[in-house]
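Visitor: Just dropping this structure here.
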Amino acid sequence: MKADQIVGIQWGDEGKGKIVDLLAQKYDAVARYQGGHNAGHTIVVDGTTYALHLIPSGVLNPDAVNIIGNGVVVSPEALIKEMKQFDGLLGRLFVSESAHMILNFHILIDQAREKLRGKKAIGTTGRGIGPAYSEKIARGGFRLGELRDIDALTANVQEYFVQNKPILDALEIERPDEADIRAELTDYAEKLLPYLANTTQMAWKLLEDDKRLLLEGAQGTLLDIDHGTYPYVTSSSTISAGACTGLGVSPKDIGKITGIVKAYCTRVGNGPFPTEDFGEEGDRLRKQGNEFGTTTGRPRRCGWFDAVACRFASRINGCDDLSVMKLDVLDGFDEVKVCVAYEVDGQQIDHMPLDMEHAKPIYKSFPGWDKTEGVRKFEDLPETAKSYLLAIEEMTQTKIGMISTSPDRNDTILL
Ligand code: IMP
């Protein structure tokens, strides 16, 4: 059996939560492989609201196994808090013993660095994601499996503070007491050790046993550390290939890859966003789309569909199809715009340049429509909405497999 995968195609917040929630019902296992509790979505089931940041969406399917792979940076504190929402997770949630931990000082470093960046701040979620990944790459990180030996881990954390004293002093981050570190780590060990596993072996076994495994991407392609709008990106590989390093499946283990895309575009945090609309229409998208961050509550920047960026994202992920989310948010606009090329230094280009900051969008306009909200069949969509979707297929060179017309699970068109 091959694993299926869903990935974000824009700057995150594409509406992956609804799709994963829909799909999770059909899978035996759901795995996260990158990012951390910077991600987030809320799912309402039978009137109860669940906030998910780290635990895969399969947790809402009582029969599914949930895996947090080695490529995720795990804040034990955030994970323990999130786990409290659910009963009976033992045997249903497995966390990689080699996933790196986000400890309190990573969060302090993240926030201190953002302050120092001033006007050039990335606008991170302040969750310690960047520092935890930096230390992993610099070979100075701490893995969850190390919680098995609290003496050694406490000594290593102390040693980290000694080695990094000049930097931490400059950032005004104080070394915690040894007793406090030990107490904190002991608490994490008590609560998390029963969930630790070799998740790579688990993923292989699931596939060997013909179980259906869903790989759940977080954030979006344009926030990828290598291929996104660097330096205004997150610190992980958000593209489909991230599952290979972040879970240990091989490229050959991955079957269908679905790209999740909004019918327009949003971004949280700073950095280039060529199709951002600073006027009334941008405000209207924010209002109609309720575009406020689930993790930080920040208002999202809003703008038009960028077909150049999406074609790139679809290609780099190897998308088999696209799920177009929030089509109904465009209801009532007289015209909707799509960016079909950029102008950079007076030249027209049809690919993403290294420096997106100076890329000006060249738009094609499409006539708007009255209402798509709640439509469940393609043939019931207004003709102008159909034309818009068909143009997106053509411009991104990827077929559309699913269209969402409201947050409701049932308001979904399958093609
Ligand atoms: P970090 O991941 O907290 O380091 O933040 C880096 C950038 O990625 C910032 O612009 C964040 O707003 C953005 N970001 C991180 N996680 C998400 C997400 O789940 N959705 C949308 N943007 C995100």
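We name chains A, B, ... following the order of the structure tokens; residues begin at 1 in each chain, and ligands are numbered from 1 as shown.
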Go through chain A and flag each residue having an atom no more than 8 Å from ligand 1; for those, report the closest pair of atoms plus their distance in Å to one decimal, using only C-alpha atoms and all ligand atoms, ordered by chain and rising number, as CSV.
Guide:
```
residue,atom,partner,partner_atom_place_in_ligand_line,distance
A:Trp11,CA,ligand 1,21 (C),5.8
A:Gly12,CA,ligand 1,21 (C),4.0
A:Asp13,CA,ligand 1,20 (N),4.9
A:Gly35,CA,ligand 1,2 (O),7.1
A:Gly36,CA,ligand 1,2 (O),7.9
A:His37,CA,ligand 1,16 (N),8.0
A:Asn38,CA,ligand 1,16 (N),4.4
A:Ala39,CA,ligand 1,19 (O),3.3
A:Gly40,CA,ligand 1,19 (O),5.7
A:Asp110,CA,ligand 1,4 (O),7.8
A:Ile122,CA,ligand 1,10 (O),5.7
A:Gly123,CA,ligand 1,9 (C),5.0
A:Thr124,CA,ligand 1,5 (O),3.4
A:Thr125,CA,ligand 1,3 (O),3.7
A:Gly126,CA,ligand 1,3 (O),5.4
A:Arg127,CA,ligand 1,3 (O),5.7
A:Gly128,CA,ligand 1,3 (O),6.8
A:Ile129,CA,ligand 1,4 (O),5.0
A:Gly130,CA,ligand 1,4 (O),4.9
A:Ala218,CA,ligand 1,19 (O),6.0
A:Gln219,CA,ligand 1,19 (O),4.3
A:Gly220,CA,ligand 1,20 (N),7.2
A:Leu223,CA,ligand 1,8 (O),6.0
A:Tyr232,CA,ligand 1,10 (O),6.0
A:Val233,CA,ligand 1,7 (C),4.8
A:Thr234,CA,ligand 1,6 (C),3.9
A:Ser235,CA,ligand 1,4 (O),6.0
A:Arg267,CA,ligand 1,22 (N),6.5
A:Val268,CA,ligand 1,12 (O),4.4
A:Gly269,CA,ligand 1,10 (O),3.7
A:Asn270,CA,ligand 1,10 (O),5.5
A:Gly271,CA,ligand 1,10 (O),7.2
A:Gly293,CA,ligand 1,20 (N),7.5
A:Thr295,CA,ligand 1,19 (O),7.5
```
Visitor: Store the residues picked out above in a file with N, CA, C and O atoms, as a compact mmCIF listing (two decimals), in the first residue's frame.
Guide:
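Written output follows (out_18.txt):
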```txt
# COMPACT_ATOMS: atom_id res chain seq x y z
N TRP A 11 0.37 29.97 1.47
CA TRP A 11 1.15 30.32 2.68
C TRP A 11 0.51 29.73 3.93
O TRP A 11 0.49 30.37 4.98
N GLY A 12 -0.05 28.56 3.83
CA GLY A 12 -0.72 27.95 4.98
C GLY A 12 -2.16 28.43 5.08
O GLY A 12 -2.61 29.27 4.29
N ASP A 13 -2.88 27.85 6.05
CA ASP A 13 -4.28 28.23 6.29
C ASP A 13 -5.18 28.06 5.08
O ASP A 13 -6.13 28.81 4.88
N GLY A 35 6.88 20.79 11.03
CA GLY A 35 6.23 21.86 11.76
C GLY A 35 6.06 21.50 13.22
O GLY A 35 6.63 20.50 13.70
N GLY A 36 5.26 22.29 13.90
CA GLY A 36 5.03 22.02 15.32
C GLY A 36 3.71 22.61 15.71
O GLY A 36 2.76 22.55 14.91
N HIS A 37 3.66 23.24 16.90
CA HIS A 37 2.37 23.82 17.30
C HIS A 37 2.20 25.24 16.78
O HIS A 37 1.36 25.99 17.26
N ASN A 38 2.99 25.59 15.75
CA ASN A 38 2.71 26.81 14.97
C ASN A 38 1.49 26.57 14.07
O ASN A 38 0.80 27.50 13.68
N ALA A 39 1.23 25.32 13.74
CA ALA A 39 0.05 24.96 12.93
C ALA A 39 -1.18 24.96 13.84
O ALA A 39 -1.05 24.92 15.05
N GLY A 40 -2.34 24.99 13.22
CA GLY A 40 -3.52 24.88 14.08
C GLY A 40 -4.81 24.90 13.31
O GLY A 40 -4.93 25.61 12.32
N ASP A 110 13.22 32.67 20.18
CA ASP A 110 12.38 33.06 19.04
C ASP A 110 11.88 34.49 19.23
O ASP A 110 12.03 35.36 18.36
N ILE A 122 10.16 38.48 11.03
CA ILE A 122 9.49 37.52 10.14
C ILE A 122 7.99 37.48 10.46
O ILE A 122 7.18 37.18 9.60
N GLY A 123 7.68 37.81 11.71
CA GLY A 123 6.28 37.67 12.13
C GLY A 123 6.00 36.22 12.48
O GLY A 123 4.99 35.65 12.07
N THR A 124 6.94 35.60 13.20
CA THR A 124 6.77 34.18 13.55
C THR A 124 5.60 34.02 14.51
O THR A 124 5.09 35.02 15.06
N THR A 125 5.22 32.79 14.75
CA THR A 125 4.15 32.53 15.70
C THR A 125 4.67 32.62 17.14
O THR A 125 3.89 32.47 18.07
N GLY A 126 5.98 32.81 17.30
CA GLY A 126 6.56 32.94 18.64
C GLY A 126 6.53 31.65 19.43
O GLY A 126 6.53 31.66 20.66
N ARG A 127 6.49 30.53 18.74
CA ARG A 127 6.37 29.24 19.43
C ARG A 127 7.70 28.50 19.57
O ARG A 127 7.73 27.33 19.95
N GLY A 128 8.80 29.13 19.16
CA GLY A 128 10.11 28.48 19.32
C GLY A 128 10.47 27.55 18.17
O GLY A 128 11.43 26.77 18.27
N ILE A 129 9.71 27.62 17.09
CA ILE A 129 9.91 26.69 15.96
C ILE A 129 11.31 26.86 15.35
O ILE A 129 12.07 25.89 15.21
N GLY A 130 11.65 28.10 14.97
CA GLY A 130 12.94 28.37 14.32
C GLY A 130 14.12 27.95 15.18
O GLY A 130 14.98 27.18 14.73
N ALA A 218 1.64 20.41 7.22
CA ALA A 218 1.26 21.64 7.93
C ALA A 218 1.90 22.82 7.21
O ALA A 218 2.82 22.66 6.42
N GLN A 219 1.39 24.01 7.50
CA GLN A 219 1.80 25.24 6.80
C GLN A 219 1.59 25.06 5.28
O GLN A 219 0.74 24.29 4.88
N GLY A 220 2.37 25.77 4.48
CA GLY A 220 2.14 25.69 3.03
C GLY A 220 3.45 25.78 2.26
O GLY A 220 4.49 26.18 2.82
N LEU A 223 5.85 28.70 2.31
CA LEU A 223 6.56 28.92 3.58
C LEU A 223 7.70 27.90 3.74
O LEU A 223 8.32 27.82 4.79
N TYR A 232 11.31 34.91 4.77
CA TYR A 232 9.97 34.97 5.39
C TYR A 232 9.26 33.62 5.21
O TYR A 232 8.30 33.50 4.45
N VAL A 233 9.78 32.64 5.90
CA VAL A 233 9.30 31.26 5.77
C VAL A 233 9.29 30.63 7.15
O VAL A 233 9.77 31.24 8.12
N THR A 234 8.80 29.41 7.25
CA THR A 234 8.96 28.67 8.49
C THR A 234 10.24 27.84 8.36
O THR A 234 10.92 27.90 7.32
N SER A 235 10.59 27.07 9.38
CA SER A 235 11.92 26.45 9.36
C SER A 235 11.89 24.98 8.95
O SER A 235 12.86 24.26 9.18
N ARG A 267 -2.09 35.33 3.78
CA ARG A 267 -0.77 35.13 4.38
C ARG A 267 -0.80 35.73 5.78
O ARG A 267 -1.38 36.80 5.97
N VAL A 268 -0.20 35.05 6.76
CA VAL A 268 -0.01 35.67 8.10
C VAL A 268 1.46 35.92 8.27
O VAL A 268 2.28 35.14 7.80
N GLY A 269 1.81 36.95 9.00
CA GLY A 269 3.22 37.28 9.18
C GLY A 269 3.69 38.14 8.02
O GLY A 269 2.91 38.48 7.12
N ASN A 270 4.98 38.45 8.04
CA ASN A 270 5.51 39.37 7.04
C ASN A 270 6.05 38.63 5.83
O ASN A 270 6.05 37.41 5.78
N GLY A 271 6.50 39.43 4.83
CA GLY A 271 7.08 38.83 3.64
C GLY A 271 6.27 39.10 2.40
O GLY A 271 5.11 39.55 2.48
N GLY A 293 -6.01 34.26 12.37
CA GLY A 293 -5.23 33.06 12.67
C GLY A 293 -5.80 32.23 13.81
O GLY A 293 -6.24 32.79 14.82
N THR A 295 -3.96 30.02 15.52
CA THR A 295 -2.94 29.85 16.54
C THR A 295 -2.68 31.17 17.27
O THR A 295 -2.52 31.19 18.48
```
Visitor: Return as a list in words the full set of residues in stretch 259-360 of chain A whose backbone-based DSSP assignment is alpha helix (DSSP H).
Guide: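 In stretch 259-360 of chain A, DSSP puts these residues in alpha helix (DSSP H): Glu280, Glu281, Gly282, Asp283, Arg284, Leu285, Arg286, Lys287, Gln288, Ala307, Val308, Ala309, Cys310, Arg311, Phe312, Ala313, Ser314, Arg315, Ile316 and Asn317 of chain A.
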Visitor: May I ask for the distance between atom CA of A:Ile316 and atom CA of A:Leu222, given in Å to one decimal place?
Guide: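 Rounded to one decimal, the two atoms are 10.7 Å apart.
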Visitor: As a list of chain:residue names, please: the residues near A:Val95 (cut-off 10 Å, only C-alpha atoms, same-chain neighbours under 3 positions excluded).
Guide: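 That gives A:Ala31, A:Arg32, A:Ile55, A:Asn66, A:Ile67, A:Ile68, A:Gly69, A:Asn70, A:Val72, A:Val74, A:Ser98, A:Ala99, A:Leu144, A:Gly145, A:Leu192, A:Leu193, A:Pro194, A:Tyr195, A:Leu196, A:Ala197, A:Asn198, A:Thr199.
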Visitor: Dump N, CA and C atoms for the selected residues as an mmCIF file, in the first residue's frame?
Guide:
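Saved as out02.cif:
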```cif
data_model
loop_
_atom_site.group_PDB
_atom_site.id
_atom_site.type_symbol
_atom_site.label_atom_id
_atom_site.label_comp_id
_atom_site.auth_asym_id
_atom_site.auth_seq_id
_atom_site.Cartn_x
_atom_site.Cartn_y
_atom_site.Cartn_z
ATOM 1 N N ALA A 31 -0.476 10.771 9.874
ATOM 2 C CA ALA A 31 0.832 11.163 10.419
ATOM 3 C C ALA A 31 1.178 12.608 10.081
ATOM 4 N N ARG A 32 1.665 13.319 11.097
ATOM 5 C CA ARG A 32 2.293 14.628 10.857
ATOM 6 C C ARG A 32 3.787 14.391 10.700
ATOM 7 N N ILE A 55 -1.403 17.226 17.378
ATOM 8 C CA ILE A 55 -1.972 15.882 17.211
ATOM 9 C C ILE A 55 -2.647 15.808 15.837
ATOM 10 N N ASN A 66 -2.637 7.676 15.310
ATOM 11 C CA ASN A 66 -2.079 8.994 15.010
ATOM 12 C C ASN A 66 -0.593 9.032 15.313
ATOM 13 N N ILE A 67 0.165 9.545 14.347
ATOM 14 C CA ILE A 67 1.617 9.515 14.488
ATOM 15 C C ILE A 67 2.176 10.933 14.378
ATOM 16 N N ILE A 68 3.062 11.262 15.310
ATOM 17 C CA ILE A 68 3.826 12.516 15.194
ATOM 18 C C ILE A 68 5.243 12.087 14.850
ATOM 19 N N GLY A 69 5.666 12.376 13.629
ATOM 20 C CA GLY A 69 6.929 11.842 13.117
ATOM 21 C C GLY A 69 8.158 12.590 13.620
ATOM 22 N N ASN A 70 9.326 12.051 13.282
ATOM 23 C CA ASN A 70 10.600 12.596 13.747
ATOM 24 C C ASN A 70 10.872 14.028 13.276
ATOM 25 N N VAL A 72 8.799 16.515 13.177
ATOM 26 C CA VAL A 72 8.009 17.533 13.885
ATOM 27 C C VAL A 72 8.841 18.045 15.069
ATOM 28 N N VAL A 74 8.466 19.157 18.730
ATOM 29 C CA VAL A 74 7.381 18.943 19.689
ATOM 30 C C VAL A 74 7.612 19.744 20.970
ATOM 31 N N SER A 98 12.659 10.223 18.202
ATOM 32 C CA SER A 98 13.736 11.089 17.699
ATOM 33 C C SER A 98 13.259 12.488 17.279
ATOM 34 N N ALA A 99 11.990 12.807 17.550
ATOM 35 C CA ALA A 99 11.528 14.179 17.283
ATOM 36 C C ALA A 99 12.214 15.122 18.272
ATOM 37 N N LEU A 144 13.078 13.731 22.094
ATOM 38 C CA LEU A 144 12.125 13.226 23.093
ATOM 39 C C LEU A 144 12.631 11.957 23.770
ATOM 40 N N GLY A 145 13.318 11.105 23.012
ATOM 41 C CA GLY A 145 13.822 9.850 23.571
ATOM 42 C C GLY A 145 14.803 10.074 24.718
ATOM 43 N N LEU A 192 4.815 11.663 28.851
ATOM 44 C CA LEU A 192 4.988 11.364 27.415
ATOM 45 C C LEU A 192 5.687 10.043 27.100
ATOM 46 N N LEU A 193 6.499 9.525 28.034
ATOM 47 C CA LEU A 193 7.246 8.302 27.680
ATOM 48 C C LEU A 193 6.358 7.165 27.170
ATOM 49 N N PRO A 194 5.165 6.968 27.737
ATOM 50 C CA PRO A 194 4.350 5.847 27.235
ATOM 51 C C PRO A 194 3.946 5.994 25.760
ATOM 52 N N TYR A 195 4.074 7.192 25.209
ATOM 53 C CA TYR A 195 3.631 7.425 23.825
ATOM 54 C C TYR A 195 4.775 7.378 22.817
ATOM 55 N N LEU A 196 6.024 7.287 23.326
ATOM 56 C CA LEU A 196 7.157 7.348 22.398
ATOM 57 C C LEU A 196 7.321 6.036 21.635
ATOM 58 N N ALA A 197 7.708 6.160 20.382
ATOM 59 C CA ALA A 197 7.854 4.955 19.542
ATOM 60 C C ALA A 197 8.831 5.242 18.408
ATOM 61 N N ASN A 198 9.255 4.171 17.752
ATOM 62 C CA ASN A 198 10.017 4.313 16.508
ATOM 63 C C ASN A 198 8.974 4.431 15.391
ATOM 64 N N THR A 199 8.637 5.652 15.053
ATOM 65 C CA THR A 199 7.489 5.875 14.160
ATOM 66 C C THR A 199 7.817 5.545 12.696
#
```
Visitor: With a distance cut-off of 8 Å and only C-alpha atoms, select the neighbouring residues of A:Met352, excluding the residue or stretch itself and same-chain residues fewer than 5 positions from it, and output the selection as a list of chain:residue names.
Guide: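 Near A:Met352, the qualifying residues are A:Val308, A:Ala309, A:Phe312.
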